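Source file coords20.cif; content: mmCIF, C-alpha atoms.
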```
data_structure
#
loop_
_atom_site.label_atom_id
_atom_site.label_comp_id
_atom_site.auth_asym_id
_atom_site.auth_seq_id
_atom_site.Cartn_x
_atom_site.Cartn_y
_atom_site.Cartn_z
CA MET A 1 74.40 73.90 49.64
CA ALA A 2 72.49 74.30 52.87
CA TYR A 3 74.03 76.54 55.47
CA SER A 4 73.55 75.71 59.14
CA ASP A 5 71.39 78.01 61.27
CA LYS A 6 74.47 79.29 63.09
CA VAL A 7 76.20 80.21 59.81
CA ILE A 8 73.07 82.03 58.65
CA ASP A 9 72.77 83.86 61.97
CA HIS A 10 76.40 85.09 61.85
CA TYR A 11 76.10 85.87 58.15
CA GLU A 12 72.92 87.92 58.51
CA ASN A 13 73.94 89.56 61.79
CA PRO A 14 77.72 89.58 61.71
CA ARG A 15 79.30 90.63 65.01
CA ASN A 16 82.18 93.08 65.24
CA VAL A 17 82.37 94.15 61.60
CA GLY A 18 84.76 97.00 60.88
CA SER A 19 88.22 98.08 61.85
CA PHE A 20 89.96 100.06 64.56
CA GLU A 21 90.68 103.67 63.72
CA ASP A 22 94.37 103.70 64.49
CA LYS A 23 96.00 100.55 63.23
CA ASP A 24 99.44 101.84 64.25
CA ASP A 25 98.34 101.89 67.90
CA ALA A 26 100.56 99.44 69.83
CA HIS A 27 97.46 97.89 71.40
CA ILE A 28 96.13 96.80 68.01
CA GLY A 29 97.26 93.66 66.21
CA THR A 30 96.18 93.26 62.57
CA GLY A 31 96.06 89.95 60.70
CA MET A 32 95.51 89.68 56.96
CA VAL A 33 95.04 86.32 55.29
CA GLY A 34 93.67 85.02 52.03
CA ALA A 35 92.58 81.67 50.64
CA PRO A 36 93.62 81.15 47.02
CA ALA A 37 91.21 78.22 46.74
CA CYS A 38 88.20 80.55 46.80
CA GLY A 39 89.72 84.05 46.59
CA ASP A 40 88.47 84.99 50.08
CA VAL A 41 90.26 87.79 51.91
CA MET A 42 90.02 88.33 55.68
CA LYS A 43 91.28 91.15 57.89
CA LEU A 44 91.03 90.61 61.61
CA GLN A 45 92.09 93.05 64.33
CA LEU A 46 92.56 92.56 68.04
CA LYS A 47 92.66 95.26 70.70
CA VAL A 48 94.83 94.07 73.54
CA GLY A 49 94.85 95.62 77.02
CA ASP A 50 98.00 96.27 79.05
CA ASP A 51 97.26 93.08 80.99
CA GLY A 52 97.53 91.00 77.78
CA VAL A 53 93.80 90.32 77.60
CA ILE A 54 91.93 90.86 74.33
CA GLU A 55 89.42 93.65 74.96
CA ASP A 56 87.86 93.87 71.55
CA ALA A 57 88.08 92.39 68.06
CA LYS A 58 86.93 93.49 64.61
CA PHE A 59 86.92 91.94 61.18
CA LYS A 60 86.32 92.62 57.54
CA THR A 61 85.91 89.64 55.26
CA TYR A 62 85.26 89.35 51.56
CA GLY A 63 84.08 85.84 50.96
CA CYS A 64 81.26 83.36 51.21
CA GLY A 65 78.78 83.02 54.06
CA SER A 66 80.94 80.46 55.85
CA ALA A 67 84.00 82.72 55.75
CA ILE A 68 82.02 85.64 57.15
CA ALA A 69 80.43 83.45 59.84
CA SER A 70 83.83 81.98 60.79
CA SER A 71 85.37 85.42 61.26
CA SER A 72 82.32 86.76 63.10
CA LEU A 73 82.41 83.78 65.47
CA VAL A 74 86.13 84.04 66.29
CA THR A 75 85.87 87.76 67.06
CA GLU A 76 83.23 86.81 69.66
CA TRP A 77 85.29 83.97 71.04
CA VAL A 78 88.59 85.75 71.54
CA LYS A 79 87.18 88.65 73.55
CA GLY A 80 88.22 88.29 77.19
CA LYS A 81 90.87 85.71 76.35
CA THR A 82 94.61 86.14 76.86
CA LEU A 83 96.81 86.05 73.76
CA ASP A 84 98.04 82.60 74.74
CA GLN A 85 94.49 81.30 75.08
CA ALA A 86 93.50 82.87 71.75
CA SER A 87 96.47 81.36 69.95
CA GLU A 88 95.28 77.91 71.01
CA LEU A 89 92.08 78.30 69.05
CA LYS A 90 91.72 75.54 66.46
CA ASN A 91 89.91 75.68 63.17
CA THR A 92 88.19 72.40 64.03
CA GLU A 93 86.38 74.12 66.93
CA ILE A 94 85.08 76.78 64.54
CA ALA A 95 84.05 74.20 61.95
CA GLU A 96 82.27 72.17 64.62
CA GLU A 97 80.43 75.13 66.15
CA LEU A 98 79.19 76.27 62.72
CA ALA A 99 78.65 72.73 61.39
CA LEU A 100 80.68 73.52 58.29
CA PRO A 101 80.64 70.90 55.54
CA PRO A 102 84.03 69.52 54.37
CA VAL A 103 84.20 71.85 51.33
CA LYS A 104 83.99 74.85 53.67
CA ILE A 105 86.65 73.77 56.16
CA HIS A 106 89.10 76.17 54.54
CA CYS A 107 86.93 79.06 55.79
CA SER A 108 87.62 78.00 59.37
CA ILE A 109 91.33 77.60 58.59
CA LEU A 110 91.28 81.15 57.27
CA ALA A 111 89.78 82.42 60.54
CA GLU A 112 92.32 80.51 62.66
CA ASP A 113 95.20 81.83 60.57
CA ALA A 114 93.81 85.38 60.77
CA ILE A 115 93.82 85.24 64.59
CA LYS A 116 97.38 83.88 64.57
CA ALA A 117 98.51 86.59 62.14
CA ALA A 118 96.90 89.30 64.30
CA ILE A 119 98.62 87.95 67.43
CA ALA A 120 101.95 87.79 65.58
CA ASP A 121 101.50 91.39 64.43
CA TYR A 122 100.71 92.53 67.97
CA LYS A 123 103.78 90.74 69.37
CA LYS A 124 106.00 92.21 66.68
CA LYS A 125 104.77 95.72 67.51
CA ASN A 126 105.38 95.18 71.21
CA ALA A 127 108.65 93.25 71.00
CA MET B 1 100.92 60.37 28.99
CA ASN B 2 100.45 63.97 30.14
CA TYR B 3 97.99 66.42 28.59
CA PHE B 4 100.65 68.10 26.45
CA GLU B 5 101.91 64.79 25.08
CA LEU B 6 98.34 63.86 24.25
CA PHE B 7 98.33 66.73 21.75
CA SER B 8 101.95 66.05 20.67
CA LEU B 9 103.09 69.28 22.34
CA THR B 10 105.98 69.98 24.69
CA PRO B 11 104.93 71.41 28.06
CA SER B 12 104.99 75.19 27.84
CA TYR B 13 103.02 78.14 29.20
CA GLN B 14 103.04 79.83 25.79
CA LEU B 15 100.45 78.12 23.68
CA ASP B 16 98.89 78.88 20.31
CA LEU B 17 95.21 78.45 21.14
CA SER B 18 94.00 78.04 17.55
CA ASP B 19 96.66 75.39 16.97
CA LEU B 20 95.54 73.63 20.17
CA ALA B 21 91.89 73.81 19.05
CA GLY B 22 92.86 72.22 15.71
CA ARG B 23 94.72 69.38 17.42
CA TYR B 24 91.76 68.89 19.75
CA ARG B 25 89.27 68.58 16.88
CA THR B 26 91.49 66.13 15.00
CA LEU B 27 91.88 63.90 18.05
CA GLN B 28 88.21 64.14 19.01
CA SER B 29 87.16 63.00 15.53
CA GLN B 30 89.54 60.02 15.74
CA PHE B 31 87.88 58.83 18.91
CA HIS B 32 84.31 59.84 18.14
CA PRO B 33 81.87 57.17 19.42
CA ASP B 34 80.29 56.88 15.94
CA LYS B 35 83.54 55.47 14.59
CA PHE B 36 83.39 52.62 17.06
CA ALA B 37 79.71 51.76 16.59
CA GLY B 38 80.47 48.39 14.97
CA GLU B 39 83.31 47.46 17.31
CA SER B 40 83.39 45.37 20.48
CA ALA B 41 82.01 46.75 23.74
CA GLN B 42 85.57 46.91 25.04
CA ALA B 43 86.82 48.95 22.08
CA GLN B 44 83.85 51.29 22.49
CA ALA B 45 84.59 51.74 26.19
CA ILE B 46 88.24 52.51 25.51
CA ALA B 47 87.32 55.04 22.82
CA MET B 48 84.87 56.73 25.15
CA GLN B 49 87.44 56.96 27.93
CA ARG B 50 89.93 58.38 25.48
CA ALA B 51 87.46 60.98 24.22
CA ALA B 52 86.79 62.07 27.81
CA GLN B 53 90.52 62.34 28.48
CA ILE B 54 91.03 64.45 25.36
CA ASN B 55 88.24 66.74 26.50
CA ASP B 56 89.72 67.11 30.00
CA ALA B 57 93.11 67.83 28.51
CA TYR B 58 91.72 70.51 26.22
CA GLN B 59 89.74 72.23 28.98
CA THR B 60 92.83 72.25 31.19
CA LEU B 61 95.29 73.54 28.62
CA LYS B 62 93.17 76.19 26.94
CA ALA B 63 92.62 78.31 30.08
CA PRO B 64 95.87 80.06 31.14
CA LEU B 65 95.31 79.67 34.89
CA ASN B 66 94.48 75.96 34.60
CA ARG B 67 97.43 75.49 32.26
CA ALA B 68 99.78 77.19 34.72
CA GLN B 69 98.47 75.05 37.55
CA TYR B 70 98.83 71.91 35.44
CA LEU B 71 102.41 72.77 34.42
CA LEU B 72 103.32 73.04 38.11
CA SER B 73 101.59 69.75 38.92
CA LEU B 74 103.93 68.14 36.36
CA GLN B 75 106.76 69.50 38.54
CA GLY B 76 105.20 67.96 41.64
CA ILE B 77 103.58 71.15 42.93
CA GLU B 78 99.88 70.55 43.57
CA LEU B 79 97.89 73.76 43.86
CA ALA B 80 94.45 72.42 42.99
CA GLY B 81 92.28 72.06 46.05
CA GLU B 82 94.98 73.21 48.47
CA GLN B 83 93.67 74.68 51.72
CA GLN B 84 96.76 76.67 52.52
CA THR B 85 96.30 80.37 53.23
CA VAL B 86 98.52 83.20 52.06
CA SER B 87 99.73 86.08 54.19
CA ASP B 88 101.39 88.50 51.77
CA VAL B 89 100.05 91.64 53.48
CA GLU B 90 100.74 94.06 50.66
CA PHE B 91 99.00 91.85 48.12
CA LEU B 92 96.05 91.19 50.42
CA MET B 93 95.61 94.90 51.17
CA LEU B 94 95.40 95.49 47.43
CA GLN B 95 92.86 92.69 47.09
CA MET B 96 90.79 94.28 49.85
CA GLU B 97 90.90 97.63 48.05
CA LEU B 98 89.81 96.04 44.80
CA ARG B 99 86.92 94.31 46.57
CA GLU B 100 85.91 97.64 48.07
CA GLN B 101 85.92 99.20 44.61
CA LEU B 102 83.79 96.34 43.39
CA GLU B 103 81.38 96.95 46.24
CA GLY B 104 81.25 100.66 45.43
CA LEU B 105 80.28 100.16 41.80
CA GLN B 106 76.59 100.38 42.52
CA ALA B 107 76.97 103.79 44.13
CA ALA B 108 79.21 105.19 41.37
CA ALA B 109 77.95 108.21 39.44
CA ASP B 110 78.62 106.38 36.19
CA PRO B 111 78.59 102.65 36.99
CA GLU B 112 79.33 101.62 33.43
CA ASP B 113 82.47 103.74 33.35
CA ALA B 114 83.49 102.48 36.81
CA ILE B 115 83.06 98.88 35.63
CA ASP B 116 85.19 99.52 32.55
CA LYS B 117 87.94 101.09 34.63
CA LEU B 118 87.99 98.28 37.16
CA ALA B 119 87.92 95.67 34.40
CA ALA B 120 90.90 97.37 32.72
CA ARG B 121 92.77 97.46 36.03
CA LEU B 122 92.14 93.76 36.73
CA ASN B 123 93.13 92.86 33.19
CA LYS B 124 96.39 94.78 33.49
CA ASP B 125 97.29 93.19 36.85
CA ARG B 126 96.45 89.74 35.55
CA ARG B 127 98.58 90.16 32.43
CA SER B 128 101.50 91.33 34.47
CA LEU B 129 101.19 88.35 36.83
CA SER B 130 100.86 86.06 33.84
CA ASP B 131 104.17 87.43 32.44
CA ASP B 132 105.80 86.96 35.85
CA PHE B 133 104.57 83.38 35.93
CA GLU B 134 106.03 82.68 32.52
CA SER B 135 109.48 84.00 33.49
CA ALA B 136 109.52 82.18 36.82
CA TYR B 137 108.37 78.93 35.22
CA ASN B 138 110.81 79.13 32.33
CA GLU B 139 113.67 79.78 34.75
CA GLY B 140 112.67 76.75 36.81
CA HIS B 141 111.61 78.78 39.87
CA TYR B 142 108.60 76.59 40.50
CA GLN B 143 107.84 77.61 44.09
CA GLN B 144 107.83 81.25 43.07
CA ALA B 145 105.68 80.36 40.06
CA GLY B 146 103.30 78.64 42.49
CA ASP B 147 102.93 81.81 44.54
CA ILE B 148 102.06 83.70 41.35
CA VAL B 149 99.38 81.13 40.48
CA ARG B 150 97.91 81.64 43.96
CA LYS B 151 97.72 85.38 43.25
CA LEU B 152 96.18 84.75 39.85
CA LYS B 153 93.41 82.79 41.57
CA PHE B 154 92.41 85.91 43.51
CA TYR B 155 92.15 87.78 40.23
CA ALA B 156 90.10 85.01 38.65
CA ARG B 157 87.65 85.35 41.56
CA LEU B 158 87.58 89.15 41.24
CA GLU B 159 86.90 89.00 37.52
CA GLN B 160 84.11 86.52 38.11
CA GLN B 161 82.55 88.82 40.70
CA LEU B 162 82.96 91.86 38.48
CA GLN B 163 81.08 90.04 35.78
CA GLN B 164 78.27 89.22 38.21
CA ALA B 165 78.15 92.84 39.35
CA GLU B 166 78.02 93.97 35.75
CA GLU B 167 75.13 91.66 34.97
CA GLN B 168 73.23 92.95 37.99
CA LEU B 169 73.91 96.63 37.35
CA LEU B 170 73.25 96.62 33.65
CA ASP B 171 70.34 94.24 34.12
CA PHE B 172 71.26 91.76 31.41
#
```
Show me this structure written as structure tokens.
Amino acid sequence: MAYSDKVIDHYENPRNVGSFEDKDDAHIGTGMVGAPACGDVMKLQLKVGDDGVIEDAKFKTYGCGSAIASSSLVTEWVKGKTLDQASELKNTEIAEELALPPVKIHCSILAEDAIKAAIADYKKKNA
Amino acid sequence: MNYFELFSLTPSYQLDLSDLAGRYRTLQSQFHPDKFAGESAQAQAIAMQRAAQINDAYQTLKAPLNRAQYLLSLQGIELAGEQQTVSDVEFLMLQMELREQLEGLQAAADPEDAIDKLAARLNKDRRSLSDDFESAYNEGHYQQAGDIVRKLKFYARLEQQLQQAEEQLLDF
């Protein structure tokens, strides 16, 4: 299968790989999701400022090129957004930006769900 | 007719694989294209379709994960091709750890030993999940059984990747 140039770019130069030192920090929200269809696992973390704006994001993904590119892209996108704005992110936007073929749509769903899980974790910590 | 009925079996997760192979060979020989060489084009087409169906059924039932998935599809739970994600944090953390171990194989002092250990670990986890599936399925807890199949799929992927890593490291 041919990957799009954007997928290859994010795959070869993934942005924001890694994790935040202190995951118990109240400013950090961690989302873990997996896709049984392909066995991909994704961890995505958000660092949220006191004003509710996402300052930084990191990810670690075990999966195919599309899964890595999807997570790399969303970590770029959510920076500077409020939690509400970030939770509106749709997998279709990711799929469109990366020109994912239909068989790889689940990679973008994984990235959307990872963001949602990270936001939910942050809200739970700060409830 | 479902795949179990095709082999005159009742749907069950426990399956005697050599018995299944015997039933498969018997059926395949009954519908072998050679036997229909002198028959009408229609009879030949039906025989060919039947032979393909028997083959699909055998491939599905002989592999435990496919069999489990098929058993649930008979209960109306479709897991094949689903795009749903899972969010069991504890399980996913473990999967991440296992992937990290897999990644670290190359740097291990004794890669062969590290491969054996990881393979044993994956095998043990998979067997335990397989037992859990059997209990859940037999007790009619199909949703729970479905969640176990989803977990088993992560192990299938891990074992596939371990095999690839092994081939690379040991330069087969």
Pull out every residue of chain A that has at least one atom within 6 Å of chain B, counting only C-alpha atoms, and report them as a PyMOL selection string. chain A and resi 33-36+39+106
May I have the residues from that selection written out with C-alpha atoms, as a CSV table (one decimal), keeping the file's coordinate frame?
```csv
chain,number,residue,atom,x,y,z
A,33,VAL,CA,95.0,86.3,55.3
A,34,GLY,CA,93.7,85.0,52.0
A,35,ALA,CA,92.6,81.7,50.6
A,36,PRO,CA,93.6,81.2,47.0
A,39,GLY,CA,89.7,84.0,46.6
A,106,HIS,CA,89.1,76.2,54.5
```
I'd like to see the residues matched by the PyMOL selection byres ((chain B and resi 111) around 12) on this file, and ideally I'd get them as number ranges by chain. B: 101-110, 112-119, 162, 165-170
Would you kindly return, as a PyMOL selection string, each protein, DNA or RNA residue with an atom no farther than 10 Å from any atom of Glu96 of chain A, considering all atoms listed in the file and excluding same-chain residues fewer than 4 positions away? chain A and resi 91-92+100-101+105+108
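Interatomic distance, atom CA of Tyr3 of chain B to atom CA of Ser29 of chain B: 17.3 Å.
Shortest separation to Ile54 of chain B among B:Gln14, B:Gln75, B:Gln163, B:Asn2 occurs at residue B:Asn2, atoms counted being all atoms listed in the file.
Atom pair atom CA of Trp77 of chain A / atom CA of Glu21 of chain A: separated by 21.7 Å.
Using all atoms listed in the file, the shortest contact distance between Leu98 of chain A and any of A:Met32, A:Ile115, A:Leu44, A:Ala69 is found at A:Ala69.
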For Ala57 of chain A, work out the shell of residues within 12 Å, counting all atoms listed in the file and skipping chain neighbours fewer than 6 positions away, then give it as an NGL selection string. :A and (15-20 or 27-31 or 43-49 or 71-81 or 86 or 114-115 or 118-119)
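Matched in the shown structure by the PyMOL selection byres ((chain B and resi 72-74) around 10): Asn2, Tyr3, Pro11, Asn66, Arg67, Ala68, Gln69, Tyr70, Leu71, Gln75, Gly76, Ile77, Glu78, Leu79, Ala80, Tyr137, Tyr142, Gln143, Ala145, Gly146 and Val149 of chain B.
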Pairwise distance, atom CA of Val7 of chain A with atom CA of Ala111 of chain A, equals 13.8 Å
Could you write out as a VMD selection string the residues that the PyMOL selection byres ((chain A and resi 8) around 12) matches in the shown file? chain A and resid 2 to 7 9 to 14 64 to 70 72 to 73 98 to 100
With 10 Å as the threshold, what does the neighbourhood of (99.1, 65.2, 23.6) contain in terms of residues, counting all atoms listed in the file? Coordinates are those of the file; answer as a tab-separated table (two decimals) with C-alpha atoms, in the coordinates of the input.
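Once everything was written out, this is out24.tsv:
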```tsv
chain	number	residue	atom	x	y	z
B	1	MET	CA	100.92	60.37	28.99
B	2	ASN	CA	100.45	63.97	30.14
B	3	TYR	CA	97.99	66.42	28.59
B	4	PHE	CA	100.65	68.10	26.45
B	5	GLU	CA	101.91	64.79	25.08
B	6	LEU	CA	98.34	63.86	24.25
B	7	PHE	CA	98.33	66.73	21.75
B	8	SER	CA	101.95	66.05	20.67
B	9	LEU	CA	103.09	69.28	22.34
B	10	THR	CA	105.98	69.98	24.69
B	11	PRO	CA	104.93	71.41	28.06
B	20	LEU	CA	95.54	73.63	20.17
B	23	ARG	CA	94.72	69.38	17.42
B	24	TYR	CA	91.76	68.89	19.75
B	27	LEU	CA	91.88	63.90	18.05
B	54	ILE	CA	91.03	64.45	25.36
B	57	ALA	CA	93.11	67.83	28.51
B	58	TYR	CA	91.72	70.51	26.22
```
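Minimum atom-to-atom distances from A:Lys58, A:Lys104, A:Ala37, A:Asp51 to Lys23 of chain A were compared using all atoms listed in the file, and the lowest value belongs to A:Lys58.
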